[in-house]
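Undergrad: Sharing a structure with you now.
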Amino acid sequence: MTDTPKELRDDRENQEIQETAENQRSSAEWISFSIALILLGVVVSFIVYSWVSQTYKPPILEVETSADIRQVNEQFYVPFTVTNEGGQTVKSVEVVAELWIEDKLQQQGSQEITFLSRGEVQSGAFIFNYNPDGGKLIVRVASYQLP
């Protein structure tokens with residue numbers, strides 16, 4: 001069977017129409033591409049802005065105790081929070097508590113917080129055998145390391 005010139009012409013026209021349709025993008029593809037490009041631009045802009053606007057601040061660690069001391073089985077639980085108000089992440093934060101009664105150190109304890117990024121808050125509790133209300137309680141950050 002041989003193709004007639006009309007059939008050849010029709011095949012050629014159909015092939016050209018098909019190639020043109022394949023090369024054109026649908027509006028959904030253009031919209032998806034535009035949204036992806038905008039999102040990528042926003043993410044890159046945010047990263048650059050954060051990097052440029054970040055001022056160097058060393059770690060500033062603040063520890064606070066809560067007045068909400070609870071007693072369970074003759075032990076006193078003193079809750080505390082540590083906040084990194086500085087601009088740099090720290091690790092191995094050591095929090096130390098000392099309970100002084102009548103100018104004598106009755107009990108002490110320490111806790112280590114593994115990781116504290118800037119602006120992060122971690123909580124914990126010290127447990128004493130003596131009532132902290134009957135003496136002077138000192139809770140402080142003793143040390144930290146830079147990652």
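Identifiers for the structure tokens are assigned positionally: chains receive A, B, ... in sequence, residues are indexed from 1 per chain, and ligands are indexed from 1 in the order shown.
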Using only C-alpha atoms, determine which residues lie at most 7 Å from stretch 98-101 of chain A, disregarding the query and same-chain residues fewer than 4 positions distant; provide the list as a list in words.

TA: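 Answer for this query is Leu105, Gln106, Gln107, Gln108, Gly109, Pro132, Gly134, Gly135, Lys136, Leu137, Ile138 and Val139 of chain A.
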
Undergrad: Dump N, CA and C atoms for the selected residues as a short mmCIF file (atom, residue, chain, number, x, y, z; two decimals), in the first residue's frame?

TA:
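Saved file again-v3.cif follows:
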```
data_model
loop_
_atom_site.label_atom_id
_atom_site.label_comp_id
_atom_site.auth_asym_id
_atom_site.auth_seq_id
_atom_site.Cartn_x
_atom_site.Cartn_y
_atom_site.Cartn_z
N LEU A 105 26.94 25.41 104.30
CA LEU A 105 26.49 24.72 103.10
C LEU A 105 25.90 23.37 103.49
N GLN A 106 24.58 23.23 103.33
CA GLN A 106 23.90 22.00 103.71
C GLN A 106 23.83 20.99 102.56
N GLN A 107 23.63 21.52 101.37
CA GLN A 107 23.46 20.61 100.24
C GLN A 107 23.76 21.36 98.94
N GLN A 108 24.29 20.62 97.98
CA GLN A 108 24.53 21.21 96.66
C GLN A 108 24.25 20.18 95.59
N GLY A 109 24.01 20.67 94.42
CA GLY A 109 23.74 19.78 93.29
C GLY A 109 24.09 20.47 92.00
N PRO A 132 14.27 24.75 101.27
CA PRO A 132 15.01 25.93 100.82
C PRO A 132 14.47 27.24 101.39
N GLY A 134 13.98 27.80 104.39
CA GLY A 134 14.64 28.02 105.68
C GLY A 134 16.08 28.46 105.55
N GLY A 135 16.53 28.76 104.35
CA GLY A 135 17.92 29.16 104.16
C GLY A 135 18.07 30.01 102.92
N LYS A 136 19.29 30.05 102.42
CA LYS A 136 19.59 30.84 101.22
C LYS A 136 19.92 29.86 100.09
N LEU A 137 19.18 29.98 99.00
CA LEU A 137 19.37 29.12 97.84
C LEU A 137 20.05 29.91 96.74
N ILE A 138 21.17 29.42 96.27
CA ILE A 138 21.90 30.05 95.16
C ILE A 138 21.90 29.08 93.99
N VAL A 139 21.32 29.50 92.87
CA VAL A 139 21.29 28.71 91.65
C VAL A 139 21.95 29.56 90.57
#
```

Undergrad: Report as a PyMOL selection string: the residues of stretch 12-138 of chain A with a DSSP assignment of strand (DSSP E), based on the backbone of this structure.

TA: chain A and resi 61-65+70-72+75-84+90-101+104-116+121-128+136-138

Undergrad: Which residues are near A:Asn131? Cut-off 9 Å, only C-alpha atoms, ignore same chain within fewer than 5 positions. Put them as a list in words.

TA: Gln71, Glu74, Gln75, Phe76 and Leu99 of chain A

Undergrad: Show me, as an MDAnalysis selection string, the residues that have an atom within 7 Å of A:Glu62 when counting only C-alpha atoms, minus same-chain residues fewer than 2 positions from it.

TA: chainID A and resid 60 64 82:84

Undergrad: Name the closest residue to A:Gln145 among the candidates A:Val121, A:Pro79, A:Pro59, A:Asp103; distances are taken between atoms, counting only C-alpha atoms.

TA: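 Using only C-alpha atoms, A:Gln145 sits closest to A:Pro59.
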
Undergrad: Counting only C-alpha atoms, what is within 6 Å of A:Tyr77, bar same-chain residues fewer than 5 positions away, as a list in words?

TA: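 Once the nearby chain positions are removed, what remains is Ile69, Arg70, Phe126 and Ile127 of chain A.
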
Undergrad: Ranking A:Glu85, A:Tyr144, A:Asn129, A:Tyr49 by minimum distance to A:Glu112 and counting only C-alpha atoms, which one comes first?

TA: A:Tyr144

Undergrad: Report as number ranges by chain all protein, DNA and RNA residues lying within 12 Å of A:Thr81, evaluated on only C-alpha atoms, omitting residues in the same chain fewer than 4 positions from it.

TA: A: 61-67, 95, 111, 113, 116, 120-126, 139-141

Undergrad: What would the file look like if the residues just selected were written as a tab-separated table (two decimals), in the first residue's frame with C-alpha atoms?

TA:
```
chain	number	residue	atom	x	y	z
A	61	LEU	CA	22.76	32.41	80.03
A	62	GLU	CA	20.19	33.27	82.64
A	63	VAL	CA	18.83	30.88	85.26
A	64	GLU	CA	15.69	31.49	87.28
A	65	THR	CA	14.08	29.46	90.04
A	66	SER	CA	10.37	29.21	90.56
A	67	ALA	CA	8.69	30.03	93.84
A	95	VAL	CA	23.75	24.58	86.39
A	111	GLN	CA	22.80	19.45	86.38
A	113	ILE	CA	21.98	20.69	79.90
A	116	LEU	CA	20.97	25.24	74.32
A	120	GLU	CA	15.95	28.41	73.80
A	121	VAL	CA	14.61	27.69	77.28
A	122	GLN	CA	15.21	24.43	79.19
A	123	SER	CA	13.65	23.46	82.51
A	124	GLY	CA	14.58	21.12	85.31
A	125	ALA	CA	14.44	20.75	89.08
A	126	PHE	CA	16.85	20.39	91.98
A	139	VAL	CA	21.29	28.71	91.65
A	140	ARG	CA	23.70	29.76	88.90
A	141	VAL	CA	25.21	28.73	85.61
```
